[in-house]
Amino acid sequence: MSRILVLFLVTVLALSGIPGAVAQPTSLPHQTVLPVVLGIPGGTGRLGVDLRSTVPDTGLPYLAALGARWSRAGDLPWASVEPVRGTYRWEVLEGLEANIRRIRASGAEPIVIVQWTPPWAQRVPGRLCSPPAPEYQADFVRFVAAAAHRYADGPLAVHHWQIWNEPDFLPEQVGDDGSGCWATRAAPFYGGDAYGQALTQLYPAIKAANPRATVIAGGLAHFWPEETQTIGFLRGMLTAGAGDSFDMLSFSAYGMYQAADRVIYKSNSLRRELAAFGMGAKPLLAAEVGAVCYMNNRCQPEYRQYQADYAARIYAVTLALDLEGALWFTLAAPEPGFQHSHLIAQSDTLAPWPAYYALRNSARLLVDARSTGAPPQELDESQAELVQRLDFATDRGALYALWVPKTGTERPYALVVPPGARASCTAHLERPVPQTWDCSDSDGNGLVTMRVSSGAMYVEVRWH
């Protein structure tokens, strides 16, 4: 989970235009409706979520209804398992193991994050987020290899291992939840070279323990638009020879910066850097996506609408960018969770927010979609009220995702189609049952006309 200093968050809020501080919390209506599992074969797409072990089993039908390919299961804390050098206490992972078991039983692939350095091995004394000191690097490798072997197969199988979360944070930029702390102020690589060297040792050890394992690097926080530290960190990784020591590069990207979707900008930035090292085809994973209210309990009333609008289009953006996947952080949590980013409010019962339905309904519409058009554009603030469109093909015909980036904005749009084409339009994805209507070209002029808002609309033009 992202852990950003309050000062940093306030600065981002002031620049971003994302709903945040000012109004007192407003109670917005949301329905407790148990989802019906329809139309999505589990684990076949690119969608994922983060499912905490603290979410009750009543949350599993919601996970299944998304058709999630994978789910982050939680942290595997080195510090807890090996508090004394050379002695592993696997029993402390009972909660994590139960979560892995139920995620796998639901049809999704669990992703586990390895982090937390025990006090005896810390390079930064007193910090769980510390990377291991050089003299204890071999201990870290042995531990990760032992974990990969332990969870190689069966109902506790883990085939996706993320090495740390957001390691491009400086120690002074984060709390002590275990994330970050590999970064330094030493240009040009800002600590990325040390992280890369660790990957070169970890990768063969994990593969030897479980040849089916996928090694995920980074989970980069990716400071942006001022990204000198993160890009330097990535260059350090690659300069250290780690390009062949991870299968995917992952990053965090939450919501909008003015008119800019962080997922789009960060994906393009990372791909440019990888391409400079001859690795432009390296798979990218958006390991944390979502829409957040940076000031927690002082969200503006329109925040939940903004979140639902974003959820309705993020999966389409993921497919059009050809990302390996995108995982929403997080499925369910007690209020306020991580800056209200969760899809389902968790108390005595589970109550989905509109964003849950928006994500689920978009996944159903896009279940077999293949991108056929240009990737999503990088936008500036002057383009915030322009209609955006992504083109897909399905087994049924052509599918178009359309939206306006600025929350609360609506614009007319005419979609060019074959004259007389049959079409259906779907909007209000934030509802348990979205609104769908026949929008065929009944007058034969080759146009389907509509009004497009910040809540995504999907138009399916059928082949027959």
# chains A, B, ... in the order shown; residues from 1 in each chain; ligands from 1
>>> residues_around(residues="Asp168 in chain A", least_positions_apart="2", cutoff="8 Å", atoms="only C-alpha atoms", output="ChimeraX atom specification")
/A:166,170,180-183,190-192,218,220-222,229-230,233
>>> write_last_selection(atoms="N, CA and C atoms", output="PDB file, in the first residue's frame")
ATOM      1  N   GLU A 166       7.082  -0.535  -3.556  1.00  0.00           N
ATOM      2  CA  GLU A 166       7.480   0.868  -3.656  1.00  0.00           C
ATOM      3  C   GLU A 166       8.880   1.109  -3.099  1.00  0.00           C
ATOM      4  N   LEU A 170      12.369   6.975  -0.303  1.00  0.00           N
ATOM      5  CA  LEU A 170      13.419   7.179   0.684  1.00  0.00           C
ATOM      6  C   LEU A 170      12.924   6.758   2.066  1.00  0.00           C
ATOM      7  N   GLY A 180       9.060   0.535   0.798  1.00  0.00           N
ATOM      8  CA  GLY A 180      10.032   1.589   0.532  1.00  0.00           C
ATOM      9  C   GLY A 180      11.425   1.322   1.047  1.00  0.00           C
ATOM     10  N   CYS A 181      12.158   2.411   1.232  1.00  0.00           N
ATOM     11  CA  CYS A 181      13.445   2.457   1.949  1.00  0.00           C
ATOM     12  C   CYS A 181      14.663   1.981   1.161  1.00  0.00           C
ATOM     13  N   TRP A 182      14.508   1.470  -0.061  1.00  0.00           N
ATOM     14  CA  TRP A 182      15.694   1.130  -0.840  1.00  0.00           C
ATOM     15  C   TRP A 182      16.311   2.374  -1.472  1.00  0.00           C
ATOM     16  N   ALA A 183      15.519   3.408  -1.674  1.00  0.00           N
ATOM     17  CA  ALA A 183      16.010   4.602  -2.357  1.00  0.00           C
ATOM     18  C   ALA A 183      16.967   5.382  -1.467  1.00  0.00           C
ATOM     19  N   TYR A 190      20.057   6.543  -7.303  1.00  0.00           N
ATOM     20  CA  TYR A 190      19.165   6.680  -6.157  1.00  0.00           C
ATOM     21  C   TYR A 190      18.869   5.352  -5.459  1.00  0.00           C
ATOM     22  N   GLY A 191      19.831   4.460  -5.418  1.00  0.00           N
ATOM     23  CA  GLY A 191      19.661   3.184  -4.731  1.00  0.00           C
ATOM     24  C   GLY A 191      19.131   2.065  -5.605  1.00  0.00           C
ATOM     25  N   GLY A 192      18.732   2.364  -6.823  1.00  0.00           N
ATOM     26  CA  GLY A 192      18.213   1.343  -7.715  1.00  0.00           C
ATOM     27  C   GLY A 192      19.242   0.307  -8.102  1.00  0.00           C
ATOM     28  N   GLY A 218       9.736  -4.220  -8.397  1.00  0.00           N
ATOM     29  CA  GLY A 218       9.340  -2.839  -8.186  1.00  0.00           C
ATOM     30  C   GLY A 218       8.119  -2.613  -7.347  1.00  0.00           C
ATOM     31  N   LEU A 220       6.866   0.057  -8.137  1.00  0.00           N
ATOM     32  CA  LEU A 220       7.403   1.413  -8.007  1.00  0.00           C
ATOM     33  C   LEU A 220       6.304   2.416  -7.673  1.00  0.00           C
ATOM     34  N   ALA A 221       6.543   3.235  -6.659  1.00  0.00           N
ATOM     35  CA  ALA A 221       5.604   4.328  -6.372  1.00  0.00           C
ATOM     36  C   ALA A 221       5.549   5.281  -7.547  1.00  0.00           C
ATOM     37  N   HIS A 222       6.672   5.441  -8.214  1.00  0.00           N
ATOM     38  CA  HIS A 222       6.818   6.261  -9.413  1.00  0.00           C
ATOM     39  C   HIS A 222       6.316   7.682  -9.187  1.00  0.00           C
ATOM     40  N   GLN A 229      13.766  10.765  -9.427  1.00  0.00           N
ATOM     41  CA  GLN A 229      14.192   9.733  -8.475  1.00  0.00           C
ATOM     42  C   GLN A 229      13.784   8.343  -8.952  1.00  0.00           C
ATOM     43  N   THR A 230      12.547   8.190  -9.411  1.00  0.00           N
ATOM     44  CA  THR A 230      12.072   6.872  -9.838  1.00  0.00           C
ATOM     45  C   THR A 230      12.765   6.407 -11.117  1.00  0.00           C
ATOM     46  N   PHE A 233      16.153   5.415 -10.335  1.00  0.00           N
ATOM     47  CA  PHE A 233      16.119   4.126  -9.642  1.00  0.00           C
ATOM     48  C   PHE A 233      16.004   2.983 -10.648  1.00  0.00           C
TER      49      PHE A 233
END
>>> residues_around(residues="Gly420 in chain A", least_positions_apart="3", cutoff="7 Å", atoms="only C-alpha atoms", output="compact mmCIF listing (two decimals) with C-alpha atoms, in the first residue's frame")
# COMPACT_ATOMS: atom_id res chain seq x y z
CA ASP A 441 -28.51 3.46 -36.60
CA SER A 442 -32.21 3.26 -37.31
CA ASP A 443 -32.24 6.08 -39.89
CA GLY A 444 -29.34 4.62 -41.86
CA GLY A 446 -24.08 5.83 -40.52
>>> residues_around(residues="Met279 in chain A", least_positions_apart="4", cutoff="8 Å", atoms="only C-alpha atoms", output="compact mmCIF listing (two decimals) with C-alpha atoms, in the first residue's frame")
# COMPACT_ATOMS: atom_id res chain seq x y z
CA GLY A 243 16.98 -6.57 -16.84
CA LEU A 274 12.93 0.12 -20.74
CA ALA A 275 13.17 0.62 -24.51
>>> residues_around(residues="Pro110 in chain A", least_positions_apart="6", cutoff="8 Å", atoms="only C-alpha atoms", output="PyMOL selection string")
chain A and resi 70-73+100+103-104+158-160
>>> residues_around(residues="Phe246 in chain A", least_positions_apart="4", cutoff="6 Å", atoms="only C-alpha atoms", output="ChimeraX atom specification")
/A:215-217
>>> write_last_selection(atoms="N, CA and C atoms", output="PDB file, in the first residue's frame")
ATOM      1  N   VAL A 215       8.571 -13.526 -11.318  1.00  0.00           N
ATOM      2  CA  VAL A 215       9.196 -12.554 -10.411  1.00  0.00           C
ATOM      3  C   VAL A 215       8.801 -11.156 -10.864  1.00  0.00           C
ATOM      4  N   ILE A 216       8.181 -10.425  -9.950  1.00  0.00           N
ATOM      5  CA  ILE A 216       7.678  -9.079 -10.228  1.00  0.00           C
ATOM      6  C   ILE A 216       8.575  -8.070  -9.510  1.00  0.00           C
ATOM      7  N   ALA A 217       9.170  -7.182 -10.274  1.00  0.00           N
ATOM      8  CA  ALA A 217      10.057  -6.169  -9.692  1.00  0.00           C
ATOM      9  C   ALA A 217       9.281  -4.902  -9.402  1.00  0.00           C
TER      10      ALA A 217
END
>>> select_by_dssp(residues="range 63-143 of chain A", states="alpha helix (DSSP H)", output="number ranges by chain")
A: 63-66, 78-81, 94-105, 137-143
>>> closest_residue(among="A:Arg396, A:Arg52, A:Arg271, A:Arg212", to="Gly95 in chain A", atoms="only C-alpha atoms")
A:Arg52
>>> atom_distance(atom1="CA of Pro211 in chain A", atom2="CA of Leu199 in chain A")
16.1 Å
>>> closest_residue(among="A:Val174, A:Ala98, A:Ile231, A:Ala320", to="Leu390 in chain A", atoms="only C-alpha atoms")
A:Ala320
>>> residues_around(residues="Ala242 in chain A", least_positions_apart="3", cutoff="6 Å", atoms="only C-alpha atoms", output="PyMOL selection string")
chain A and resi 196+200+237-238+245
>>> write_last_selection(atoms="C-alpha atoms", output="PDB file, in the first residue's frame")
ATOM      1  CA  GLY A 196      18.955  -4.446  -9.074  1.00  0.00           C
ATOM      2  CA  THR A 200      20.152 -10.700  -9.915  1.00  0.00           C
ATOM      3  CA  MET A 237      18.286  -1.540 -11.655  1.00  0.00           C
ATOM      4  CA  LEU A 238      18.983  -2.023 -15.348  1.00  0.00           C
ATOM      5  CA  SER A 245      16.187 -10.845 -13.446  1.00  0.00           C
TER       6      SER A 245
END
>>> closest_residue(among="A:Met295, A:Ile344, A:Leu402, A:Ala393", to="Trp463 in chain A", atoms="only C-alpha atoms")
A:Ala393
>>> atom_distance(atom1="CA of Pro125 in chain A", atom2="CA of Asp176 in chain A")
11.8 Å
>>> atom_distance(atom1="CA of Gly397 in chain A", atom2="CA of Glu460 in chain A")
6.8 Å
>>> residues_around(residues="Glu430 in chain A", least_positions_apart="2", cutoff="9 Å", atoms="only C-alpha atoms", output="PDB file with N, CA and C atoms, in the first residue's frame")
ATOM      1  N   GLN A 305     -18.542   9.627  -6.842  1.00  0.00           N
ATOM      2  CA  GLN A 305     -18.869   9.643  -8.268  1.00  0.00           C
ATOM      3  C   GLN A 305     -17.589   9.617  -9.091  1.00  0.00           C
ATOM      4  N   ALA A 308     -16.258   6.103  -9.046  1.00  0.00           N
ATOM      5  CA  ALA A 308     -17.027   5.220  -9.917  1.00  0.00           C
ATOM      6  C   ALA A 308     -16.731   5.495 -11.387  1.00  0.00           C
ATOM      7  N   ASP A 309     -16.606   6.772 -11.745  1.00  0.00           N
ATOM      8  CA  ASP A 309     -16.274   7.115 -13.133  1.00  0.00           C
ATOM      9  C   ASP A 309     -14.936   6.503 -13.524  1.00  0.00           C
ATOM     10  N   ALA A 311     -13.408   3.914 -12.126  1.00  0.00           N
ATOM     11  CA  ALA A 311     -13.507   2.455 -12.145  1.00  0.00           C
ATOM     12  C   ALA A 311     -14.165   1.958 -13.427  1.00  0.00           C
ATOM     13  N   ALA A 312     -15.074   2.735 -14.000  1.00  0.00           N
ATOM     14  CA  ALA A 312     -15.802   2.310 -15.193  1.00  0.00           C
ATOM     15  C   ALA A 312     -14.916   2.255 -16.425  1.00  0.00           C
ATOM     16  N   TRP A 353     -19.557   0.101  -2.787  1.00  0.00           N
ATOM     17  CA  TRP A 353     -19.707   1.455  -3.296  1.00  0.00           C
ATOM     18  C   TRP A 353     -20.010   1.372  -4.788  1.00  0.00           C
ATOM     19  N   PRO A 354     -20.505   2.459  -5.387  1.00  0.00           N
ATOM     20  CA  PRO A 354     -20.789   2.427  -6.829  1.00  0.00           C
ATOM     21  C   PRO A 354     -19.594   2.005  -7.678  1.00  0.00           C
ATOM     22  N   ALA A 355     -18.372   2.314  -7.222  1.00  0.00           N
ATOM     23  CA  ALA A 355     -17.181   1.949  -8.000  1.00  0.00           C
ATOM     24  C   ALA A 355     -17.046   0.442  -8.159  1.00  0.00           C
ATOM     25  N   TYR A 356     -17.508  -0.330  -7.178  1.00  0.00           N
ATOM     26  CA  TYR A 356     -17.429  -1.782  -7.317  1.00  0.00           C
ATOM     27  C   TYR A 356     -18.240  -2.233  -8.529  1.00  0.00           C
ATOM     28  N   TYR A 357     -19.481  -1.763  -8.626  1.00  0.00           N
ATOM     29  CA  TYR A 357     -20.330  -2.156  -9.736  1.00  0.00           C
ATOM     30  C   TYR A 357     -19.766  -1.658 -11.057  1.00  0.00           C
ATOM     31  N   ALA A 358     -19.186  -0.440 -11.049  1.00  0.00           N
ATOM     32  CA  ALA A 358     -18.603   0.102 -12.282  1.00  0.00           C
ATOM     33  C   ALA A 358     -17.475  -0.787 -12.786  1.00  0.00           C
ATOM     34  N   LEU A 359     -16.622  -1.246 -11.873  1.00  0.00           N
ATOM     35  CA  LEU A 359     -15.517  -2.116 -12.277  1.00  0.00           C
ATOM     36  C   LEU A 359     -16.040  -3.472 -12.732  1.00  0.00           C
ATOM     37  N   ARG A 360     -16.965  -4.033 -11.970  1.00  0.00           N
ATOM     38  CA  ARG A 360     -17.529  -5.344 -12.333  1.00  0.00           C
ATOM     39  C   ARG A 360     -18.236  -5.293 -13.676  1.00  0.00           C
ATOM     40  N   ASN A 361     -19.063  -4.277 -13.885  1.00  0.00           N
ATOM     41  CA  ASN A 361     -19.827  -4.196 -15.120  1.00  0.00           C
ATOM     42  C   ASN A 361     -18.939  -3.946 -16.332  1.00  0.00           C
ATOM     43  N   ALA A 427     -24.640   2.514 -20.179  1.00  0.00           N
ATOM     44  CA  ALA A 427     -24.148   3.618 -19.345  1.00  0.00           C
ATOM     45  C   ALA A 427     -24.563   3.360 -17.908  1.00  0.00           C
ATOM     46  N   HIS A 428     -24.175   4.273 -17.020  1.00  0.00           N
ATOM     47  CA  HIS A 428     -24.447   4.141 -15.592  1.00  0.00           C
ATOM     48  C   HIS A 428     -23.943   2.797 -15.069  1.00  0.00           C
ATOM     49  N   PRO A 432     -25.971  -1.439  -9.800  1.00  0.00           N
ATOM     50  CA  PRO A 432     -25.903  -2.906  -9.805  1.00  0.00           C
ATOM     51  C   PRO A 432     -26.297  -3.499 -11.144  1.00  0.00           C
ATOM     52  N   VAL A 433     -27.322  -2.927 -11.780  1.00  0.00           N
ATOM     53  CA  VAL A 433     -27.695  -3.301 -13.145  1.00  0.00           C
ATOM     54  C   VAL A 433     -27.562  -2.040 -13.994  1.00  0.00           C
ATOM     55  N   PRO A 434     -26.578  -1.973 -14.885  1.00  0.00           N
ATOM     56  CA  PRO A 434     -26.387  -0.743 -15.656  1.00  0.00           C
ATOM     57  C   PRO A 434     -27.533  -0.512 -16.631  1.00  0.00           C
ATOM     58  N   GLY A 455     -18.744   9.425 -16.650  1.00  0.00           N
ATOM     59  CA  GLY A 455     -19.001   8.014 -16.437  1.00  0.00           C
ATOM     60  C   GLY A 455     -18.959   7.307 -17.782  1.00  0.00           C
TER      61      GLY A 455
END
>>> select_by_dssp(residues="range 283-345 of chain A", states="strand (DSSP E or B)", output="number ranges by chain")
A: 284-290, 325-328, 332-333, 344-345
>>> closest_residue(among="A:Val387, A:Leu63, A:Leu285, A:Leu51", to="Asp75 in chain A", atoms="only C-alpha atoms")
A:Leu51
